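What follows is the content of run-v6.txt (compact mmCIF, N, CA and C atoms).
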```
# COMPACT_ATOMS: atom_id res chain seq x y z
N MET X 1 -13.82 5.30 -9.66
CA MET X 1 -12.86 6.37 -9.66
C MET X 1 -11.58 5.91 -8.96
N ASP X 2 -10.44 6.06 -9.62
CA ASP X 2 -9.18 5.59 -9.04
C ASP X 2 -8.30 6.73 -8.51
N LEU X 3 -8.75 7.99 -8.61
CA LEU X 3 -8.00 9.13 -8.10
C LEU X 3 -8.86 9.90 -7.11
N SER X 4 -8.26 10.35 -6.01
CA SER X 4 -8.99 11.12 -5.02
C SER X 4 -8.01 11.86 -4.13
N ASP X 5 -8.32 13.14 -3.85
CA ASP X 5 -7.51 13.88 -2.89
C ASP X 5 -8.26 14.06 -1.58
N GLU X 6 -9.33 13.28 -1.42
CA GLU X 6 -10.07 13.28 -0.15
C GLU X 6 -9.53 12.17 0.73
N GLY X 7 -9.78 12.28 2.01
CA GLY X 7 -9.27 11.28 2.95
C GLY X 7 -8.09 11.84 3.72
N PRO X 8 -7.67 11.14 4.76
CA PRO X 8 -6.59 11.65 5.61
C PRO X 8 -5.24 11.66 4.90
N GLU X 9 -4.46 12.69 5.18
CA GLU X 9 -3.10 12.76 4.67
C GLU X 9 -2.19 11.87 5.50
N PHE X 10 -1.12 11.42 4.88
CA PHE X 10 -0.12 10.59 5.53
C PHE X 10 0.57 11.38 6.64
N ALA X 11 0.68 10.79 7.82
CA ALA X 11 1.36 11.42 8.96
C ALA X 11 2.86 11.36 8.73
N ARG X 12 3.49 12.48 8.59
CA ARG X 12 4.92 12.56 8.26
C ARG X 12 5.83 11.92 9.29
N GLU X 13 5.32 11.62 10.48
CA GLU X 13 6.15 10.98 11.50
C GLU X 13 6.67 9.62 11.03
N TRP X 14 5.99 9.00 10.06
CA TRP X 14 6.40 7.68 9.57
C TRP X 14 7.43 7.78 8.46
N ASP X 15 7.65 8.99 7.91
CA ASP X 15 8.61 9.19 6.82
C ASP X 15 10.03 8.73 7.14
N ASP X 16 10.45 8.93 8.37
CA ASP X 16 11.82 8.60 8.75
C ASP X 16 12.12 7.11 8.70
N LEU X 17 11.09 6.29 8.59
CA LEU X 17 11.29 4.85 8.58
C LEU X 17 11.77 4.33 7.22
N GLY X 18 11.60 5.11 6.16
CA GLY X 18 11.98 4.62 4.84
C GLY X 18 11.00 3.59 4.33
N ASN X 19 11.41 2.78 3.38
CA ASN X 19 10.53 1.73 2.85
C ASN X 19 10.42 0.62 3.88
N THR X 20 9.29 0.54 4.51
CA THR X 20 9.12 -0.47 5.55
C THR X 20 8.17 -1.59 5.15
N VAL X 21 7.40 -1.42 4.08
CA VAL X 21 6.51 -2.48 3.64
C VAL X 21 6.69 -2.66 2.14
N CYS X 22 6.76 -3.91 1.74
CA CYS X 22 6.76 -4.22 0.31
C CYS X 22 5.97 -5.51 0.15
N GLY X 23 5.49 -5.70 -1.04
CA GLY X 23 4.71 -6.91 -1.24
C GLY X 23 4.22 -7.03 -2.67
N VAL X 24 3.45 -8.07 -2.88
CA VAL X 24 2.88 -8.37 -4.19
C VAL X 24 1.40 -8.69 -3.99
N LEU X 25 0.59 -8.13 -4.85
CA LEU X 25 -0.83 -8.48 -4.93
C LEU X 25 -0.92 -9.49 -6.06
N HIS X 26 -1.22 -10.73 -5.72
CA HIS X 26 -1.18 -11.83 -6.68
C HIS X 26 -2.46 -11.92 -7.51
N GLY X 27 -2.27 -12.21 -8.80
CA GLY X 27 -3.41 -12.43 -9.68
C GLY X 27 -4.21 -11.17 -9.93
N CYS X 28 -3.55 -10.05 -9.87
CA CYS X 28 -4.22 -8.75 -10.03
C CYS X 28 -3.42 -7.93 -11.01
N ARG X 29 -3.88 -7.80 -12.23
CA ARG X 29 -3.14 -7.10 -13.28
C ARG X 29 -3.35 -5.59 -13.27
N ASP X 30 -4.44 -5.11 -12.71
CA ASP X 30 -4.87 -3.73 -12.89
C ASP X 30 -4.69 -2.90 -11.62
N ALA X 31 -3.64 -2.08 -11.60
CA ALA X 31 -3.41 -1.21 -10.44
C ALA X 31 -4.52 -0.18 -10.30
N SER X 32 -5.14 0.22 -11.40
CA SER X 32 -6.24 1.18 -11.36
C SER X 32 -7.41 0.63 -10.55
N ALA X 33 -7.75 -0.64 -10.75
CA ALA X 33 -8.85 -1.25 -10.01
C ALA X 33 -8.51 -1.34 -8.52
N VAL X 34 -7.25 -1.61 -8.20
CA VAL X 34 -6.82 -1.66 -6.79
C VAL X 34 -6.92 -0.26 -6.18
N ALA X 35 -6.44 0.75 -6.91
CA ALA X 35 -6.52 2.13 -6.42
C ALA X 35 -7.97 2.52 -6.15
N ALA X 36 -8.86 2.14 -7.03
CA ALA X 36 -10.28 2.46 -6.86
C ALA X 36 -10.84 1.84 -5.58
N ARG X 37 -10.41 0.64 -5.24
CA ARG X 37 -10.87 0.00 -4.00
C ARG X 37 -10.40 0.79 -2.78
N PHE X 38 -9.15 1.25 -2.82
CA PHE X 38 -8.64 2.05 -1.71
C PHE X 38 -9.38 3.37 -1.60
N VAL X 39 -9.68 4.00 -2.73
CA VAL X 39 -10.44 5.26 -2.72
C VAL X 39 -11.81 5.04 -2.07
N ARG X 40 -12.47 3.96 -2.44
CA ARG X 40 -13.79 3.66 -1.84
C ARG X 40 -13.67 3.42 -0.33
N ALA X 41 -12.49 3.00 0.13
CA ALA X 41 -12.26 2.77 1.56
C ALA X 41 -11.81 4.05 2.28
N GLY X 42 -11.77 5.19 1.55
CA GLY X 42 -11.45 6.47 2.17
C GLY X 42 -10.00 6.91 2.07
N TRP X 43 -9.20 6.22 1.25
CA TRP X 43 -7.79 6.59 1.07
C TRP X 43 -7.66 7.64 -0.03
N ARG X 44 -6.54 8.35 -0.02
CA ARG X 44 -6.17 9.25 -1.11
C ARG X 44 -5.46 8.43 -2.19
N SER X 45 -5.59 8.88 -3.43
CA SER X 45 -4.92 8.19 -4.54
C SER X 45 -4.56 9.20 -5.61
N ARG X 46 -3.33 9.07 -6.14
CA ARG X 46 -2.91 9.91 -7.26
C ARG X 46 -2.03 9.10 -8.19
N SER X 47 -2.03 9.48 -9.43
CA SER X 47 -1.22 8.80 -10.42
C SER X 47 0.25 9.07 -10.13
N SER X 48 1.08 8.03 -10.23
CA SER X 48 2.52 8.20 -10.01
C SER X 48 3.34 7.80 -11.24
N SER X 49 2.70 7.17 -12.21
CA SER X 49 3.35 6.79 -13.47
C SER X 49 2.24 6.44 -14.46
N TRP X 50 2.61 5.91 -15.61
CA TRP X 50 1.60 5.56 -16.61
C TRP X 50 0.57 4.59 -16.05
N GLU X 51 1.02 3.62 -15.25
CA GLU X 51 0.11 2.60 -14.73
C GLU X 51 0.14 2.48 -13.21
N GLY X 52 0.92 3.32 -12.54
CA GLY X 52 1.09 3.22 -11.10
C GLY X 52 0.34 4.29 -10.34
N TYR X 53 0.16 4.03 -9.05
CA TYR X 53 -0.57 4.93 -8.17
C TYR X 53 0.13 5.05 -6.84
N GLU X 54 0.01 6.23 -6.25
CA GLU X 54 0.43 6.44 -4.87
C GLU X 54 -0.84 6.49 -4.04
N LEU X 55 -0.88 5.68 -2.99
CA LEU X 55 -2.04 5.59 -2.11
C LEU X 55 -1.62 6.03 -0.72
N GLU X 56 -2.51 6.74 -0.03
CA GLU X 56 -2.14 7.13 1.33
C GLU X 56 -3.36 7.32 2.22
N THR X 57 -3.10 7.07 3.47
CA THR X 57 -4.00 7.39 4.57
C THR X 57 -3.09 7.86 5.70
N SER X 58 -3.62 8.16 6.86
CA SER X 58 -2.79 8.73 7.92
C SER X 58 -1.66 7.81 8.38
N TRP X 59 -1.81 6.50 8.21
CA TRP X 59 -0.83 5.55 8.73
C TRP X 59 -0.06 4.79 7.65
N CYS X 60 -0.29 5.11 6.39
CA CYS X 60 0.40 4.39 5.32
C CYS X 60 0.47 5.24 4.05
N GLN X 61 1.61 5.17 3.39
CA GLN X 61 1.79 5.77 2.07
C GLN X 61 2.55 4.75 1.23
N MET X 62 1.96 4.34 0.11
CA MET X 62 2.61 3.31 -0.71
C MET X 62 2.34 3.52 -2.18
N GLU X 63 3.19 2.94 -2.98
CA GLU X 63 3.06 2.92 -4.43
C GLU X 63 2.59 1.54 -4.84
N ILE X 64 1.71 1.50 -5.83
CA ILE X 64 1.33 0.22 -6.44
C ILE X 64 1.57 0.35 -7.93
N GLU X 65 2.10 -0.71 -8.53
CA GLU X 65 2.42 -0.69 -9.95
C GLU X 65 2.42 -2.11 -10.50
N PRO X 66 1.83 -2.30 -11.67
CA PRO X 66 1.85 -3.64 -12.28
C PRO X 66 3.28 -4.08 -12.57
N ILE X 67 3.52 -5.38 -12.41
CA ILE X 67 4.81 -5.97 -12.77
C ILE X 67 4.54 -7.13 -13.72
N ALA X 68 5.59 -7.77 -14.18
CA ALA X 68 5.44 -8.88 -15.12
C ALA X 68 4.48 -9.93 -14.58
N GLY X 69 3.66 -10.45 -15.46
CA GLY X 69 2.68 -11.45 -15.04
C GLY X 69 1.45 -10.78 -14.46
N PRO X 70 0.61 -11.55 -13.85
CA PRO X 70 -0.65 -11.01 -13.34
C PRO X 70 -0.53 -10.49 -11.90
N ASN X 71 0.44 -9.62 -11.64
CA ASN X 71 0.68 -9.17 -10.28
C ASN X 71 0.88 -7.66 -10.22
N VAL X 72 0.65 -7.11 -9.04
CA VAL X 72 0.89 -5.69 -8.77
C VAL X 72 1.88 -5.61 -7.60
N LEU X 73 2.92 -4.81 -7.78
CA LEU X 73 3.93 -4.58 -6.75
C LEU X 73 3.44 -3.47 -5.83
N LEU X 74 3.71 -3.63 -4.54
CA LEU X 74 3.32 -2.65 -3.53
C LEU X 74 4.56 -2.35 -2.70
N ASN X 75 4.87 -1.06 -2.46
CA ASN X 75 5.94 -0.73 -1.53
C ASN X 75 5.72 0.66 -0.96
N GLY X 76 6.18 0.86 0.26
CA GLY X 76 6.02 2.16 0.89
C GLY X 76 6.34 2.15 2.36
N VAL X 77 5.70 3.06 3.06
CA VAL X 77 5.95 3.30 4.48
C VAL X 77 4.63 3.16 5.23
N LEU X 78 4.67 2.51 6.37
CA LEU X 78 3.48 2.46 7.19
C LEU X 78 3.84 2.41 8.66
N ASP X 79 2.87 2.74 9.48
CA ASP X 79 2.99 2.55 10.92
C ASP X 79 3.14 1.04 11.11
N PRO X 80 4.27 0.58 11.62
CA PRO X 80 4.51 -0.87 11.68
C PRO X 80 3.50 -1.64 12.54
N THR X 81 2.78 -0.96 13.40
CA THR X 81 1.78 -1.65 14.21
C THR X 81 0.50 -1.93 13.43
N ARG X 82 0.43 -1.45 12.18
CA ARG X 82 -0.81 -1.59 11.40
C ARG X 82 -0.67 -2.52 10.20
N LEU X 83 0.35 -3.36 10.20
CA LEU X 83 0.52 -4.32 9.10
C LEU X 83 -0.70 -5.24 8.99
N ASP X 84 -1.18 -5.74 10.12
CA ASP X 84 -2.36 -6.61 10.08
C ASP X 84 -3.58 -5.90 9.52
N GLU X 85 -3.71 -4.62 9.84
CA GLU X 85 -4.83 -3.85 9.32
C GLU X 85 -4.76 -3.74 7.80
N LEU X 86 -3.57 -3.51 7.26
CA LEU X 86 -3.40 -3.49 5.81
C LEU X 86 -3.76 -4.84 5.22
N GLY X 87 -3.32 -5.91 5.85
CA GLY X 87 -3.66 -7.26 5.39
C GLY X 87 -5.16 -7.51 5.39
N ARG X 88 -5.83 -7.08 6.45
CA ARG X 88 -7.29 -7.26 6.51
C ARG X 88 -7.99 -6.47 5.41
N LEU X 89 -7.50 -5.28 5.12
CA LEU X 89 -8.09 -4.46 4.07
C LEU X 89 -7.92 -5.13 2.71
N LEU X 90 -6.72 -5.64 2.43
CA LEU X 90 -6.49 -6.34 1.16
C LEU X 90 -7.38 -7.58 1.05
N ALA X 91 -7.53 -8.30 2.15
CA ALA X 91 -8.41 -9.48 2.15
C ALA X 91 -9.86 -9.08 1.90
N ALA X 92 -10.29 -7.97 2.51
CA ALA X 92 -11.65 -7.49 2.30
C ALA X 92 -11.88 -7.10 0.84
N PHE X 93 -10.82 -6.67 0.15
CA PHE X 93 -10.90 -6.35 -1.27
C PHE X 93 -10.91 -7.61 -2.13
N GLY X 94 -10.71 -8.78 -1.50
CA GLY X 94 -10.68 -10.03 -2.25
C GLY X 94 -9.35 -10.28 -2.94
N LEU X 95 -8.27 -9.65 -2.43
CA LEU X 95 -6.96 -9.77 -3.06
C LEU X 95 -6.08 -10.77 -2.32
N ALA X 96 -5.37 -11.60 -3.07
CA ALA X 96 -4.33 -12.46 -2.49
C ALA X 96 -3.06 -11.61 -2.43
N TYR X 97 -2.31 -11.74 -1.34
CA TYR X 97 -1.15 -10.87 -1.17
C TYR X 97 -0.05 -11.55 -0.38
N THR X 98 1.14 -11.00 -0.52
CA THR X 98 2.29 -11.28 0.33
C THR X 98 2.85 -9.93 0.72
N LEU X 99 3.02 -9.69 2.02
CA LEU X 99 3.58 -8.44 2.53
C LEU X 99 4.80 -8.74 3.39
N GLU X 100 5.80 -7.90 3.29
CA GLU X 100 6.98 -8.00 4.14
C GLU X 100 7.20 -6.68 4.84
N LEU X 101 7.39 -6.73 6.15
CA LEU X 101 7.67 -5.56 6.96
C LEU X 101 9.15 -5.58 7.33
N SER X 102 9.84 -4.48 7.04
CA SER X 102 11.27 -4.37 7.35
C SER X 102 11.50 -3.24 8.35
N ASP X 103 12.57 -3.35 9.12
CA ASP X 103 12.91 -2.29 10.06
C ASP X 103 13.79 -1.24 9.39
N GLU X 104 14.25 -0.27 10.18
CA GLU X 104 15.05 0.83 9.62
C GLU X 104 16.38 0.37 9.03
N ASN X 105 16.83 -0.86 9.35
CA ASN X 105 18.07 -1.40 8.79
C ASN X 105 17.80 -2.36 7.63
N ASP X 106 16.57 -2.35 7.12
CA ASP X 106 16.13 -3.22 6.02
C ASP X 106 16.13 -4.70 6.39
N ALA X 107 16.11 -5.00 7.68
CA ALA X 107 16.02 -6.39 8.12
C ALA X 107 14.55 -6.79 8.17
N LEU X 108 14.26 -7.98 7.65
CA LEU X 108 12.90 -8.48 7.66
C LEU X 108 12.42 -8.68 9.09
N VAL X 109 11.29 -8.06 9.43
CA VAL X 109 10.70 -8.16 10.76
C VAL X 109 9.57 -9.17 10.76
N ARG X 110 8.77 -9.12 9.69
CA ARG X 110 7.57 -9.96 9.65
C ARG X 110 7.08 -10.13 8.22
N GLU X 111 6.49 -11.29 7.95
CA GLU X 111 5.87 -11.54 6.66
C GLU X 111 4.42 -11.90 6.90
N LEU X 112 3.57 -11.46 6.01
CA LEU X 112 2.13 -11.71 6.13
C LEU X 112 1.61 -12.14 4.77
N ARG X 113 0.85 -13.23 4.76
CA ARG X 113 0.26 -13.73 3.50
C ARG X 113 -1.24 -13.87 3.68
N GLY X 114 -1.93 -13.61 2.59
CA GLY X 114 -3.37 -13.74 2.63
C GLY X 114 -3.93 -14.06 1.27
```

Using structure tokens, write down the structure that the file contains.
Amino acid sequence: MDLSDEGPEFAREWDDLGNTVCGVLHGCRDASAVAARFVRAGWRSRSSSWEGYELETSWCQMEIEPIAGPNVLLNGVLDPTRLDELGRLLAAFGLAYTLELSDENDALVRELRG
């Protein structure tokens, strides 16, 4: 199942940060399969386009959508102290990824690869 309204809602305190995380899930063509993994981990998921999904938990809200080639684009807002946690979750899903964390001025703060 790739859709679920169960799980914690995104904490609106992080909304003011804007897009703070973006990245690519490498070698992964199916955003639906990725959404299903997040749902199994207790996240909320809803359709945001024909092939895209919005995923959220209390500390992160992001969109995932297939892009050209065998990749899925990821972007959204998260508690900046939890970037490593997102990386560990993606690794536990068996996904190769590149994540970039930006500050409120869109300056790159940190990059994480797995």

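We find atom N of Leu101 of chain X and atom CA of Leu78 of chain X to be spaced 10.0 Å apart.
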
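From atom CA of Gly7 of chain X back to atom C of Thr98 of chain X, the distance works out to 24.5 Å.
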
Checklist line | Surrounding residues of Glu65 of chain X excluding itself and chain neighbours under 5 positions, 5 Å, all atoms listed in the file, as a PyMOL selection string | finding: chain X and resi 52+72-73

Next item on the list: Pick out the residues sitting within 8 Å of Phe38 of chain X, and hand them over as number ranges by chain; count only N, CA and C atoms, and ignore anything fewer than 5 positions along from it in its own chain.
Entry: X: 2, 32-33, 43-45, 55-56, 93

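Backbone DSSP assigns strand (DSSP E or B) in segment 29-60 of chain X to Arg44, Ser45, Arg46, Ser47, Tyr53, Glu54, Leu55, Glu56, Thr57 and Cys60 of chain X.
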
Please identify the helix (DSSP H, G or I) residues within chain X (assignment by DSSP from backbone atoms) and present them as a CSV table (one decimal) with N, CA and C atoms, keeping the file's coordinate frame.
```csv
chain,number,residue,atom,x,y,z
X,12,ARG,N,3.5,12.5,8.6
X,12,ARG,CA,4.9,12.6,8.3
X,12,ARG,C,5.8,11.9,9.3
X,13,GLU,N,5.3,11.6,10.5
X,13,GLU,CA,6.2,11.0,11.5
X,13,GLU,C,6.7,9.6,11.0
X,14,TRP,N,6.0,9.0,10.1
X,14,TRP,CA,6.4,7.7,9.6
X,14,TRP,C,7.4,7.8,8.5
X,15,ASP,N,7.6,9.0,7.9
X,15,ASP,CA,8.6,9.2,6.8
X,15,ASP,C,10.0,8.7,7.1
X,16,ASP,N,10.4,8.9,8.4
X,16,ASP,CA,11.8,8.6,8.8
X,16,ASP,C,12.1,7.1,8.7
X,17,LEU,N,11.1,6.3,8.6
X,17,LEU,CA,11.3,4.8,8.6
X,17,LEU,C,11.8,4.3,7.2
X,31,ALA,N,-3.6,-2.1,-11.6
X,31,ALA,CA,-3.4,-1.2,-10.4
X,31,ALA,C,-4.5,-0.2,-10.3
X,32,SER,N,-5.1,0.2,-11.4
X,32,SER,CA,-6.2,1.2,-11.4
X,32,SER,C,-7.4,0.6,-10.6
X,33,ALA,N,-7.8,-0.6,-10.8
X,33,ALA,CA,-8.8,-1.2,-10.0
X,33,ALA,C,-8.5,-1.3,-8.5
X,34,VAL,N,-7.2,-1.6,-8.2
X,34,VAL,CA,-6.8,-1.7,-6.8
X,34,VAL,C,-6.9,-0.3,-6.2
X,35,ALA,N,-6.4,0.8,-6.9
X,35,ALA,CA,-6.5,2.1,-6.4
X,35,ALA,C,-8.0,2.5,-6.2
X,36,ALA,N,-8.9,2.1,-7.0
X,36,ALA,CA,-10.3,2.5,-6.9
X,36,ALA,C,-10.8,1.8,-5.6
X,37,ARG,N,-10.4,0.6,-5.2
X,37,ARG,CA,-10.9,0.0,-4.0
X,37,ARG,C,-10.4,0.8,-2.8
X,38,PHE,N,-9.2,1.2,-2.8
X,38,PHE,CA,-8.6,2.0,-1.7
X,38,PHE,C,-9.4,3.4,-1.6
X,39,VAL,N,-9.7,4.0,-2.7
X,39,VAL,CA,-10.4,5.3,-2.7
X,39,VAL,C,-11.8,5.0,-2.1
X,40,ARG,N,-12.5,4.0,-2.4
X,40,ARG,CA,-13.8,3.7,-1.8
X,40,ARG,C,-13.7,3.4,-0.3
X,80,PRO,N,4.3,0.6,11.6
X,80,PRO,CA,4.5,-0.9,11.7
X,80,PRO,C,3.5,-1.6,12.5
X,81,THR,N,2.8,-1.0,13.4
X,81,THR,CA,1.8,-1.6,14.2
X,81,THR,C,0.5,-1.9,13.4
X,82,ARG,N,0.4,-1.4,12.2
X,82,ARG,CA,-0.8,-1.6,11.4
X,82,ARG,C,-0.7,-2.5,10.2
X,83,LEU,N,0.4,-3.4,10.2
X,83,LEU,CA,0.5,-4.3,9.1
X,83,LEU,C,-0.7,-5.2,9.0
X,84,ASP,N,-1.2,-5.7,10.1
X,84,ASP,CA,-2.4,-6.6,10.1
X,84,ASP,C,-3.6,-5.9,9.5
X,85,GLU,N,-3.7,-4.6,9.8
X,85,GLU,CA,-4.8,-3.8,9.3
X,85,GLU,C,-4.8,-3.7,7.8
X,86,LEU,N,-3.6,-3.5,7.3
X,86,LEU,CA,-3.4,-3.5,5.8
X,86,LEU,C,-3.8,-4.8,5.2
X,87,GLY,N,-3.3,-5.9,5.8
X,87,GLY,CA,-3.7,-7.3,5.4
X,87,GLY,C,-5.2,-7.5,5.4
X,88,ARG,N,-5.8,-7.1,6.4
X,88,ARG,CA,-7.3,-7.3,6.5
X,88,ARG,C,-8.0,-6.5,5.4
X,89,LEU,N,-7.5,-5.3,5.1
X,89,LEU,CA,-8.1,-4.5,4.1
X,89,LEU,C,-7.9,-5.1,2.7
X,90,LEU,N,-6.7,-5.6,2.4
X,90,LEU,CA,-6.5,-6.3,1.2
X,90,LEU,C,-7.4,-7.6,1.0
X,91,ALA,N,-7.5,-8.3,2.2
X,91,ALA,CA,-8.4,-9.5,2.2
X,91,ALA,C,-9.9,-9.1,1.9
X,92,ALA,N,-10.3,-8.0,2.5
X,92,ALA,CA,-11.6,-7.5,2.3
X,92,ALA,C,-11.9,-7.1,0.8
```

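Ranking X:Leu83, X:Leu90, X:Ala11, X:Cys22 by their shortest atom-to-atom distance to Ser102 of chain X, with all atoms listed in the file included, puts X:Cys22 first.
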
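All residues of protein, DNA or RNA that reach within 8 Å of segment 40-42 of chain X, judged by only C-alpha atoms and not counting those fewer than 3 positions away in the chain, are Glu6, Gly7, Pro8, Ala36, Arg37 and Thr57 of chain X.
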
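Among the candidate residues X:Asp103, X:Ser58, X:Val24, X:Asp30, the one lying nearest to Glu9 of chain X is X:Ser58, with distances computed using all atoms listed in the file.
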
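Comparing the minimum interatomic distances between Cys60 of chain X and each of X:Leu25, X:Ser47, X:Ala31, X:Phe10, counting only N, CA and C atoms, we find that X:Phe10 sits nearest.
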
Each side padded by 5 Å, which centre and which edge lengths in Å (one decimal) define the axis-aligned box around the listed atoms of segment 45-52 of chain X? Give them as JSON.
```
{"center_x": -1.1, "center_y": 6.2, "center_z": -10.0, "size_x": 18.9, "size_y": 17.4, "size_z": 23.2}
```

Notebook entry, point to check: Which residue, X:Met62, X:Leu112, X:Ala107, X:Asn71, has the smallest gap to Asp84 of chain X when you use all atoms listed in the file?
Noted result: X:Leu112

Notebook entry, point to check: So what do you get for atom CA of Ala96 of chain X versus atom CA of Gly76 of chain X, distance-wise?
Noted result: 18.2 Å

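Considering all atoms listed in the file, the residue among X:Val77, X:Ala68, X:Leu95, X:Ala35 positioned nearest to Val21 of chain X is X:Val77.
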
Check: Using only C-alpha atoms, which of the listed residues (X:Gly23, X:Arg29, X:Glu63, X:Glu13) sits closest to Arg110 of chain X?
Finding: X:Gly23
